[in-house]
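A.B. asks: Shown below is the structure under consideration.
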Amino acid sequence: MFSDFSRDERTFAFIILGGLVVAGLAMAIAGRGDILGTHGWMVFGLSLIALFGAIRQADRPEPSPERLLEYYDAPTRVGLVLTLIWGVIGMAAGFWVAALLAWPDMTFDVAWLSWGRLRPIHTSGVIFGFGGNALIATSFHVLQRTTRARLPDALSPWFVLLGYNLFCIIAASGYLMGLTQSKEYAEPEWYADIWLVVVWVVYFAIYMRTLARRKEPHIYVANWYYMAFILVVAILHIVNNLAVPVSFGSAKSYSLFAGVQDAMTQWWYGHNAVAFFLTAGFLGMMYYYLPKRANRPIFSYRMSIISFWGITFMYMWAGSHHLHYTALPHWVQTLGMAFSVVLLVPSWASAGNALLTLNGAWHKVRDDAVLRFMALAAIFYGITTFEGSFMAIRAVNSLSHYTDWTIGHVHAGALGWVAMITFGSLYSLVPSMFKRERIYSNTLVEVHFWLALAGTVIYVFAMWNSGVIQGLMWRTYDESGTLTYSFLDSLEAMHPYYIVRAFGGLLFLLGALTALFNVIMTIRMPAKVQPDTGMDLPAEPALQAGE
Amino acid sequence: MFKFHYRLERSALGLVGFIILVASIGGFIEIAPLFTIDETVEEAQDMRVYTPLEVAGRNIFIREGCYACHSQMIRTLRDEVDRYGPYSLAVESQYDHPQLWGSKRTGPDLARLGNKYSDAWHTTHLNNPRDLVPQSKMPAYRWLLRDQLRTDDLGQHLATLRTVGVPYTDDQIANATQDAYGQANPDSPEAGGVAERYGDATNIRPFDGQTDKLTDMDALVAYLQVLGNLTNAAHETQTAEVE
Ligand code: HEM
Ligand code: HEM
């Protein structure tokens, strides 16, 4: 990494690392006896190690100017591996959390092993660790290929990638120590949130600076989605995390909003975390890797315009469908419901666009497990959004809300859509990124595909069943007009489904482990003998920033 | 329209501006009025604030992730009202920074939990739910009875809550630490000030059954016992006007 840096970039890297060492130390001192202090020592230690590593490499020769003739893919390579590592961590936590619901006595009197602390490890681990790293890694790749320009410099992509992972580490270790804001998908505390804003600003700057030097007049669809992901996540993140810390020596903060306003802000955030993190970014991925792999152009340019602006506009209205029949004013619930139903149109336009792109290439889908991953993802995207629009209808939501049905919907989207499109893109990217002839084992990709599909189907059907049963039991009355079932009756009815779900999740986790193994083995294979034919190169020597 | 777009997608800044504009409308129209329209939150004259011990308990509730299995929001549906009690009003979480309405009921709703069970029941249940409810899926929180509650910074906590809008008085902030101790030790000299500052309806009891030390359990049980009892508004205003 360091040998890719120019002299100026090395100086900057030293300044950043030095700043982090000082910041960590300051946090450690200000937060003595508090979790903030522990995190301070972690930041201090990690950046000190990085600083020493940097010093040892400081006098490496400067990189040759010829590097500017190529794309800069080193951060993408590391990002792909980090994606898989976080995926395995997050899904293992998910499996463990699922198992705890079947066998709750496995807490072993250890606070950090308890369900409430591990659940955010799962959700953040898969969404931010797995999903976030995948988005960053692929966005750097897609951005360069679709603009035919090299990233503007070598330092800032590393800053974004590693800074983002520092955020993930702070978040996850905080949960184990019981540190959380309790807002779903926005659990990390104030200082982690501030750090993420810094990282995000640099991320956005990379995008803009690369686009500014693009050699293609048009900005490709995939980039619209990546940009919407970056921009809107920034807006959501900043507003929902507004909070006042107890003191600068305390990790704890109190949210600026309370009660109903806080609930609405949280679910405006929460739903759009789904929309712009788990949907927009991954649609960006789909719009690049799926047509590329199928070797066919996107079916319809107009459909992609309609679906992009439809999604960007309408999702932001839909958050209140998380608050049907609550103390939220009725008119907001109704707006949320209406927009959620119409949202099906742009969602299906995207799913349809992907599937129609494959029309005429179905034999490839049959033969190539990588393309099959992506095709299946588009199908699950269609299923999940249909289900979501359905669940957003008040009458349906009265049954589904609070039950496992929501969990079923979540994982139809998360496993079927987010994870599948990620695995598909990752498999198609790894060989070229590491300059290998092919993936280590196609058989293992095939095995992974079937593990993932079986795991998803088992998981989702178990939760659909248990959710509907749960919802019906809660609202069943007998002839005398009293509720038929106690809460405990419904709890007992869930038990078998929790076991089945854990099993489905285990299959999915095994699939992810297969992927990690396959990728590691690919990296260990000898590099391609033949040099590149010059196909995968920027338009002309890319300029360094400032030149 | 497509012509316009054909031009728009040649400009990075144009795209950025449009994305921000288009994405901001929905949230603005739905959220901003909630702060300005008066009917959003009902009036409740008798609304109390959490005592310092209850604030500490609430923070333990958050720390352990109880909110991920328990909602605190009874919807306006007949079966929910029959099962849990009067549906929740906005005013009841007026001082909840952040709210803990929840999105999943692996365990029952807790919005009206206060006074449903004895302190001893809660202590035993939290220590190991399966001692009382063999089918329970809830984790055993044995460390709550062991761990000493941190109270030295509670004044700062109340002061921060005041910054974000909870009407704590200077007196309450200055005495936060001793009030936390007093609320769980009814026979101590510190106990007297608690009712004076927070009202006679405040629960002043040795919540975890042991008076020799103030534990996390004391705080958590104090919080659980006040759930739904900060105001009587829900009981008063609700006849059976359920959808
Ligand atoms: C190995 C596979 C997985 C297993 C076993 C698993 C298991 C679980 C479990 C047990 C929960 C808690 C459900 C509850 O509260 O009752 C959960 C929640 C969640 N999981 Fe997973 N999960 C897996 C994969 C994933 C993936 C890949 C993603 C995202 C990309 C994901 C996203 C989520 C989200 C967002 C929630 C929170 C749902 C909510 O609050 O409504 N999961 N998962
Ligand atoms: C048209 C698109 C969609 C609509 C209208 C929609 C609608 C909904 C609704 C109504 C809920 C239940 C809220 C509740 O009762 O609490 C929900 C929950 C959820 N959906 Fe979707 N959904 C859509 C697409 C997706 C996609 C593609 C994903 C991707 C993973 C996803 C992830 C989630 C998650 C994570 C939750 C759980 C939130 C929580 O309670 O923690 N949704 N969605």
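How things are named: the first chain in the structure tokens is A, the next is B, and so on; residues count from 1 in each chain; ligands count from 1 in the order shown.
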Kindly provide, as a list of chain:residue names, the residues of chain A having any atom no farther than 6 Å from an atom of chain B, counting only C-alpha atoms.
C.D. replies: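 Using only C-alpha atoms, chain A residues at most 6 Å from chain B: A:Leu101, A:Pro104, A:Gly116, A:Gly178, A:Leu179, A:Ser182, A:Pro217, A:His218, A:Ile219, A:Val246, A:Tyr254, A:Ser255, A:Leu256, A:Ala258, A:Gly259, A:Val260, A:Thr312, A:Phe313, A:Met316, A:Trp317, A:Tyr325, A:Thr326, A:Ala327, A:Tyr402, A:Arg475.
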A.B. asks: May I ask you to write as a VMD selection string all residues lying at most 8 Å from ligand 2, with only C-alpha atoms and all ligand atoms counted?
C.D. replies: (chain A and resid 184 to 185 270 to 271 274 to 275 278 to 279 315 318 321 to 324 339 to 341 343 to 344 347 381 384 to 393 397 to 398 400 to 402 406 to 407 409 to 415 417 to 418) or (chain B and resid 102 to 104)
A.B. asks: Deliver the residues from the most recent selection as a file, using N, CA and C atoms, as a short mmCIF file (atom, residue, chain, number, x, y, z; two decimals), in the first residue's frame.
C.D. replies:
```
data_model
loop_
_atom_site.label_atom_id
_atom_site.label_comp_id
_atom_site.auth_asym_id
_atom_site.auth_seq_id
_atom_site.Cartn_x
_atom_site.Cartn_y
_atom_site.Cartn_z
N GLU A 184 -32.35 1.35 15.88
CA GLU A 184 -31.97 0.24 15.01
C GLU A 184 -31.20 0.73 13.78
N TYR A 185 -30.09 0.08 13.50
CA TYR A 185 -29.17 0.37 12.40
C TYR A 185 -28.43 1.70 12.61
N GLY A 270 -34.49 4.54 9.35
CA GLY A 270 -34.43 3.07 9.28
C GLY A 270 -34.88 2.56 7.94
N HIS A 271 -35.98 3.07 7.45
CA HIS A 271 -36.48 2.56 6.20
C HIS A 271 -35.57 2.96 5.04
N VAL A 274 -32.58 0.93 4.61
CA VAL A 274 -32.94 -0.16 3.71
C VAL A 274 -32.88 0.31 2.26
N ALA A 275 -33.40 1.51 2.01
CA ALA A 275 -33.54 1.97 0.64
C ALA A 275 -32.21 2.36 0.03
N LEU A 278 -29.22 -0.78 1.62
CA LEU A 278 -29.43 -2.16 1.16
C LEU A 278 -30.07 -2.25 -0.22
N THR A 279 -30.52 -1.14 -0.77
CA THR A 279 -31.13 -1.22 -2.10
C THR A 279 -30.34 -0.42 -3.14
N TYR A 315 -39.10 6.49 -1.68
CA TYR A 315 -38.69 5.78 -0.46
C TYR A 315 -38.73 6.71 0.75
N ALA A 318 -41.77 6.71 2.88
CA ALA A 318 -42.38 5.43 3.26
C ALA A 318 -42.11 5.03 4.71
N HIS A 321 -44.57 3.64 7.50
CA HIS A 321 -45.25 2.34 7.52
C HIS A 321 -44.69 1.45 8.64
N HIS A 322 -43.62 1.89 9.28
CA HIS A 322 -43.13 1.16 10.45
C HIS A 322 -43.92 1.52 11.71
N LEU A 323 -44.81 2.49 11.59
CA LEU A 323 -45.47 3.04 12.79
C LEU A 323 -46.99 3.04 12.64
N HIS A 324 -47.52 2.07 11.89
CA HIS A 324 -48.98 1.99 11.75
C HIS A 324 -49.64 1.72 13.09
N PHE A 339 -47.38 5.86 -0.35
CA PHE A 339 -46.12 5.86 -1.10
C PHE A 339 -45.50 4.47 -1.15
N SER A 340 -45.64 3.69 -0.08
CA SER A 340 -45.06 2.35 -0.08
C SER A 340 -45.70 1.48 -1.15
N VAL A 341 -46.99 1.67 -1.36
CA VAL A 341 -47.66 0.84 -2.36
C VAL A 341 -47.20 1.24 -3.76
N LEU A 343 -44.49 2.54 -4.52
CA LEU A 343 -43.07 2.22 -4.63
C LEU A 343 -42.82 0.91 -5.37
N LEU A 344 -43.85 0.09 -5.41
CA LEU A 344 -43.69 -1.18 -6.10
C LEU A 344 -43.33 -0.95 -7.57
N SER A 347 -39.66 -0.21 -8.12
CA SER A 347 -38.91 -1.39 -7.68
C SER A 347 -38.98 -2.49 -8.71
N TYR A 381 -35.30 -9.69 -5.19
CA TYR A 381 -35.58 -8.26 -5.03
C TYR A 381 -37.03 -7.99 -5.38
N THR A 384 -39.25 -9.45 -2.51
CA THR A 384 -39.19 -8.69 -1.27
C THR A 384 -39.93 -7.38 -1.39
N THR A 385 -39.77 -6.68 -2.51
CA THR A 385 -40.45 -5.40 -2.63
C THR A 385 -41.96 -5.60 -2.76
N PHE A 386 -42.36 -6.67 -3.42
CA PHE A 386 -43.80 -6.95 -3.48
C PHE A 386 -44.33 -7.18 -2.07
N GLU A 387 -43.62 -8.01 -1.33
CA GLU A 387 -44.02 -8.31 0.04
C GLU A 387 -44.03 -7.03 0.88
N GLY A 388 -43.01 -6.20 0.69
CA GLY A 388 -42.92 -4.96 1.47
C GLY A 388 -44.10 -4.05 1.21
N SER A 389 -44.43 -3.86 -0.06
CA SER A 389 -45.58 -3.01 -0.37
C SER A 389 -46.86 -3.59 0.23
N PHE A 390 -46.95 -4.88 0.23
CA PHE A 390 -48.12 -5.55 0.81
C PHE A 390 -48.17 -5.31 2.32
N MET A 391 -47.03 -5.50 2.98
CA MET A 391 -46.99 -5.33 4.44
C MET A 391 -47.20 -3.89 4.87
N ALA A 392 -47.01 -2.96 3.94
CA ALA A 392 -47.17 -1.56 4.30
C ALA A 392 -48.63 -1.14 4.35
N ILE A 393 -49.51 -2.00 3.83
CA ILE A 393 -50.95 -1.71 3.92
C ILE A 393 -51.37 -1.87 5.38
N ASN A 397 -50.41 -4.83 7.95
CA ASN A 397 -49.40 -4.53 8.95
C ASN A 397 -49.91 -4.78 10.36
N SER A 398 -51.22 -4.63 10.57
CA SER A 398 -51.76 -4.90 11.91
C SER A 398 -51.45 -6.34 12.30
N SER A 400 -48.82 -8.24 10.69
CA SER A 400 -47.40 -8.60 10.53
C SER A 400 -46.49 -7.88 11.53
N HIS A 401 -46.84 -6.66 11.90
CA HIS A 401 -45.96 -5.85 12.74
C HIS A 401 -45.67 -6.57 14.05
N TYR A 402 -44.48 -6.40 14.54
CA TYR A 402 -44.04 -7.01 15.81
C TYR A 402 -43.80 -8.52 15.71
N THR A 406 -42.00 -9.88 9.85
CA THR A 406 -41.03 -8.84 9.51
C THR A 406 -39.65 -9.47 9.31
N ILE A 407 -39.28 -10.37 10.21
CA ILE A 407 -37.96 -10.99 10.10
C ILE A 407 -37.86 -11.79 8.81
N HIS A 409 -39.47 -11.12 5.98
CA HIS A 409 -39.32 -10.12 4.92
C HIS A 409 -37.88 -9.59 4.88
N VAL A 410 -37.36 -9.26 6.05
CA VAL A 410 -35.99 -8.74 6.12
C VAL A 410 -35.02 -9.69 5.45
N HIS A 411 -35.13 -10.98 5.79
CA HIS A 411 -34.12 -11.90 5.28
C HIS A 411 -34.38 -12.36 3.86
N ALA A 412 -35.64 -12.27 3.40
CA ALA A 412 -35.85 -12.48 1.96
C ALA A 412 -35.04 -11.42 1.21
N GLY A 413 -35.08 -10.18 1.73
CA GLY A 413 -34.29 -9.12 1.11
C GLY A 413 -32.81 -9.27 1.38
N ALA A 414 -32.47 -9.57 2.64
CA ALA A 414 -31.06 -9.55 3.02
C ALA A 414 -30.30 -10.74 2.45
N LEU A 415 -30.87 -11.93 2.58
CA LEU A 415 -30.18 -13.12 2.06
C LEU A 415 -30.39 -13.21 0.55
N TRP A 417 -31.60 -11.04 -1.73
CA TRP A 417 -31.21 -9.93 -2.61
C TRP A 417 -29.79 -9.44 -2.29
N VAL A 418 -29.60 -8.86 -1.09
CA VAL A 418 -28.33 -8.21 -0.78
C VAL A 418 -27.15 -9.18 -0.85
N GLY B 102 -39.85 0.16 19.89
CA GLY B 102 -39.53 -1.21 19.47
C GLY B 102 -40.20 -1.61 18.18
N SER B 103 -39.69 -2.71 17.59
CA SER B 103 -40.28 -3.17 16.34
C SER B 103 -40.55 -4.66 16.35
N LYS B 104 -40.25 -5.31 17.46
CA LYS B 104 -40.35 -6.78 17.46
C LYS B 104 -40.81 -7.23 18.84
#
```
A.B. asks: Apply DSSP to the backbone of this structure and, from stretch 163-273 of chain A, keep only the residues in helix (DSSP H, G or I); write these as a PyMOL selection string.
C.D. replies: chain A and resi 163-176+190-212+221-240+259-273
A.B. asks: Taking 2 positions as the minimum chain separation for residues in the same chain, which residues sit within 8 Å of B:Thr123 when counting only C-alpha atoms? Answer as a list in words.
C.D. replies: Asp119, Ala120, Trp121, His125, Leu126, Asn127, Asp208, Met217 and Val221 of chain B
A.B. asks: What gap, in Å, lies between atom CA of B:Gln45 and atom CA of B:Val226?
C.D. replies: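 Interatomic distance, atom CA of B:Gln45 to atom CA of B:Val226: 17.3 Å.
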A.B. asks: Fewer than 2 positions away in the same chain doesn't count, so skip those; otherwise give me all residues within 12 Å of A:Met525, counting only C-alpha atoms, as JSON, numbers by chain.
C.D. replies: {"A": [431, 434, 435, 436, 437, 438, 439, 440, 441, 518, 519, 520, 521, 522, 523, 527, 528, 529]}
A.B. asks: Find the spatial neighbours of A:Pro63, counting only C-alpha atoms, within a cut-off of 9 Å - ignore same-chain residues fewer than 2 positions away - and output them as a ChimeraX atom specification.
C.D. replies: /A:3-6,60-61,65-67
A.B. asks: According to DSSP computed on the backbone, where in stretch 176-339 of chain A is there strand (DSSP E or B)? Give the residues as a list in words.
C.D. replies: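 Checking each residue of stretch 176-339 of chain A, the strand (DSSP E or B) ones are Ala243, Val244, Pro245, Ser253, Tyr254 and Ser255 of chain A.
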